[in-house]
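Heads up: the structure comes next, in C-alpha cells.
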Amino acid sequence: MQELAQRRPGAGAALKVTALVSTASHHPLELQLVHENLSNFATETRVPFQFAVFNLDTMNPTELLAIAGGDAIAVHLPVGSVHAPVVPSILHLVRRLGAKLVVSVDRSCDRSELPFAAHLLQALQSCVFLLESLDAVGTDSNVAGKIERFLIQPRIQSCVVKRYRAAAAGDKTPPWRTMVASAGFVPVQASSFAEAQAESLLKKVPVRGFRVEKRAGSLVLHWQRGELASVTAWRC
C-alpha cells in the first residue's frame, strides 16, 4: 500500500482485496484480523481500500473472472491454503485471472514435503514462537485465547489430519516451490523497498525481538530465535 501511495499520489489509485477462502481452513476470526489490519494500514497511507470474502468451496470460477475484469491483479496464495492435489487447478485459475504477481506465505507449519515427524515438530515450534510473540506484545488474554483456540489448535490438527489422509492415499506432496515453478511461475527477488516496508511495520510494534531478513530472495519474519513466516513473490 505504501508503495502504491508513493507511486501515484493523489491519482485515485485504489486497492481491492478479494479473499478466496475455504471454511475448512480459515476461521472468521482470522479474516477479521486481516481485514482490520489492512484497513488500518490503508487509512494511514490514504489508499482507498475494499475487502471482500468469497467461499472457495462454492464459488464458480467464472464469477471470479468476471469480478476481476480490468483490474491489475496480484494474488496472495498462502502455502497450505489448499490441498496439494488441487494446487495445479488453483494455479491454472490464477493464470487465467492474468495476475501480474503471486505472493505466497509459508508459516513454517505448512511444509508437508518434510517427513511427518519433522513436519509436526516444525509446526509445533512455529506455534510456540507465535504464542511467545503474542505474549511479549501484551496481547489481551481474551484475544490471545481466541487465537490459540480458533487458529493455532486447528492448525496443528489440520497438520496431523492432512498427513494421515495423504499417507492413507499414498500421496507424496512435492515442495511448494516445485509445484509453483512447474506451473510456469518465476520467483521474484524481494526488493529493498519491500524489505524497508517490512522493517517500517515492525517499528510500530512496541517491543523488541521481531526482525526481518532477506533469504534466497524471500523475506523472512523472525521472533527472537524462531522463524514465524516467510514471503515469496512469483511472476506469471
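We label chains A, B, ... in the order they appear in the C-alpha cells, count residues from 1 in each chain, and number ligands from 1 in the order shown.
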Do you know which residues are at most 12 Å from A:Ile156 counting only C-alpha atoms, after dropping those on the same chain fewer than 4 positions away, and could you put them as a list in words?
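Counting only the stated atoms, we get Ser25, Ser108, Cys109, Asp110, His119, Leu120, Leu121, Gln122, Ala123, Leu124, Gln125, Ser126, Cys127, Val128, Glu148, Arg149, Phe150, Leu151, Ile152, Val160, Val161, Lys162 and Arg163 of chain A.
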Would you export the selected residues with N, CA and C atoms as a CSV table (one decimal), in the first residue's frame, please?
```
chain,number,residue,atom,x,y,z
A,25,SER,N,-10.4,-24.3,6.2
A,25,SER,CA,-9.1,-23.9,6.6
A,25,SER,C,-9.0,-22.5,7.1
A,108,SER,N,5.7,-21.8,8.2
A,108,SER,CA,6.6,-22.7,8.8
A,108,SER,C,5.9,-24.0,9.4
A,109,CYS,N,4.6,-24.0,9.3
A,109,CYS,CA,3.9,-25.2,9.8
A,109,CYS,C,3.2,-25.9,8.6
A,110,ASP,N,3.5,-25.4,7.4
A,110,ASP,CA,2.8,-26.0,6.2
A,110,ASP,C,3.7,-26.8,5.3
A,119,HIS,N,7.8,-32.5,10.1
A,119,HIS,CA,6.8,-31.6,9.8
A,119,HIS,C,6.0,-31.2,11.1
A,120,LEU,N,5.7,-32.2,11.9
A,120,LEU,CA,4.9,-31.9,13.1
A,120,LEU,C,5.7,-31.1,14.1
A,121,LEU,N,7.0,-31.4,14.2
A,121,LEU,CA,7.9,-30.6,15.1
A,121,LEU,C,8.0,-29.2,14.6
A,122,GLN,N,8.1,-29.0,13.3
A,122,GLN,CA,8.2,-27.7,12.7
A,122,GLN,C,6.9,-26.9,13.0
A,123,ALA,N,5.8,-27.5,12.9
A,123,ALA,CA,4.5,-26.9,13.2
A,123,ALA,C,4.4,-26.5,14.6
A,124,LEU,N,4.8,-27.4,15.5
A,124,LEU,CA,4.7,-27.1,17.0
A,124,LEU,C,5.6,-25.9,17.3
A,125,GLN,N,6.8,-25.9,16.8
A,125,GLN,CA,7.8,-24.9,17.1
A,125,GLN,C,7.2,-23.5,16.6
A,126,SER,N,6.7,-23.6,15.4
A,126,SER,CA,6.1,-22.3,14.8
A,126,SER,C,5.0,-21.7,15.7
A,127,CYS,N,4.2,-22.6,16.2
A,127,CYS,CA,3.1,-22.1,17.0
A,127,CYS,C,3.6,-21.6,18.4
A,128,VAL,N,4.6,-22.3,18.9
A,128,VAL,CA,5.2,-21.8,20.2
A,128,VAL,C,5.8,-20.4,20.0
A,148,GLU,N,-5.5,-18.8,20.0
A,148,GLU,CA,-5.0,-20.2,20.3
A,148,GLU,C,-6.1,-21.2,20.0
A,149,ARG,N,-7.3,-20.9,20.4
A,149,ARG,CA,-8.4,-21.9,20.2
A,149,ARG,C,-8.8,-22.0,18.7
A,150,PHE,N,-9.0,-20.9,18.1
A,150,PHE,CA,-9.6,-20.9,16.7
A,150,PHE,C,-8.6,-20.9,15.6
A,151,LEU,N,-7.3,-20.6,15.9
A,151,LEU,CA,-6.3,-20.5,14.8
A,151,LEU,C,-5.2,-21.6,15.0
A,152,ILE,N,-4.6,-21.6,16.2
A,152,ILE,CA,-3.4,-22.4,16.4
A,152,ILE,C,-3.8,-23.9,16.6
A,160,VAL,N,-1.9,-32.8,11.3
A,160,VAL,CA,-1.9,-34.2,11.6
A,160,VAL,C,-2.9,-34.9,10.6
A,161,VAL,N,-4.1,-34.3,10.5
A,161,VAL,CA,-5.1,-35.0,9.7
A,161,VAL,C,-4.7,-35.0,8.2
A,162,LYS,N,-4.1,-34.0,7.7
A,162,LYS,CA,-3.7,-33.9,6.3
A,162,LYS,C,-2.7,-35.0,6.0
A,163,ARG,N,-1.7,-35.1,6.9
A,163,ARG,CA,-0.6,-36.1,6.7
A,163,ARG,C,-1.2,-37.5,6.8
```
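Using only C-alpha atoms, the residues found no farther than 10 Å from A:Pro88, other than those of its own chain fewer than 5 positions away, are Leu93, Val94, Met179, Val180, Ser182 and Ala183 of chain A.
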Please measure the separation of atom CA of A:Ser191 and atom CA of A:His35, giving the value in Å to one decimal.
25.0 Å
With only C-alpha atoms counted and 7 Å as the cut-off, give the residues of stretch 40-139 of chain A in contact with stretch 226-235 of chain A, each with its shortest interatomic distance in Å and the pair that gives it, as CSV.
```
residue,atom,partner,partner_atom,distance
A:Lys100,CA,A:Arg235,CA,6.0
A:Leu101,CA,A:Arg235,CA,4.8
A:Val102,CA,A:Trp234,CA,4.9
A:Val103,CA,A:Ala233,CA,4.4
A:Ser104,CA,A:Thr232,CA,5.3
A:Val105,CA,A:Val231,CA,4.6
A:Asp106,CA,A:Ser230,CA,5.2
A:Arg107,CA,A:Ala229,CA,4.2
A:Ser108,CA,A:Ala229,CA,5.9
A:Ser126,CA,A:Leu228,CA,6.0
A:Phe129,CA,A:Gly226,CA,6.1
A:Leu130,CA,A:Leu228,CA,6.6
```
Export, as a JSON list (two decimals), in the first residue's frame, the selected residues with C-alpha atoms.
```json
[["chain", "number", "residue", "atom", "x", "y", "z"],
["A", 100, "LYS", "CA", 0.84, -9.96, -12.53],
["A", 101, "LEU", "CA", 2.17, -11.18, -9.21],
["A", 102, "VAL", "CA", 1.60, -14.10, -6.85],
["A", 103, "VAL", "CA", 2.69, -13.83, -3.23],
["A", 104, "SER", "CA", 2.97, -16.98, -1.13],
["A", 105, "VAL", "CA", 3.37, -17.02, 2.65],
["A", 106, "ASP", "CA", 4.97, -20.01, 4.33],
["A", 107, "ARG", "CA", 4.03, -20.08, 8.02],
["A", 108, "SER", "CA", 6.65, -22.73, 8.84],
["A", 126, "SER", "CA", 6.15, -22.33, 14.82],
["A", 129, "PHE", "CA", 7.09, -18.89, 18.69],
["A", 130, "LEU", "CA", 3.82, -17.25, 17.66]]
```
Stretch 3-213 of chain A: residues DSSP assigns to strand (DSSP E or B), reported as a ChimeraX atom specification
/A:15-21,49-55,74-76,101-106,186-188,210-213
Choose the residue, out of A:Leu97, A:Ala181, A:Val34, A:Ala74, that has the smallest atom-to-atom separation from A:Thr62; count only C-alpha atoms.
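Smallest separation from A:Thr62 among the options: A:Leu97.
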Give me the residues within 7 Å of A:Phe51 as a ChimeraX atom specification, counting only C-alpha atoms and dropping any in the same chain fewer than 6 places off.
/A:16-18,35
Quick one: of A:Gly217, A:Pro85, A:Pro78, A:Pro174, who's nearest to A:Pro115, counting only C-alpha atoms?
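Looking only at the distances to A:Pro115, the closest residue turns out to be A:Pro174.
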Once DSSP has gone over the backbone, tell me which residues of stretch 21-160 of chain A are in helix (DSSP H, G or I), as a PyMOL selection string.
chain A and resi 28-45+61-67+84-97+116-136+141-160
Nearest candidate to A:Arg177 (options A:Glu113, A:Asp140, A:Asp135, A:Glu44; using only C-alpha atoms):
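The answer is A:Glu113, which sits nearest to A:Arg177.
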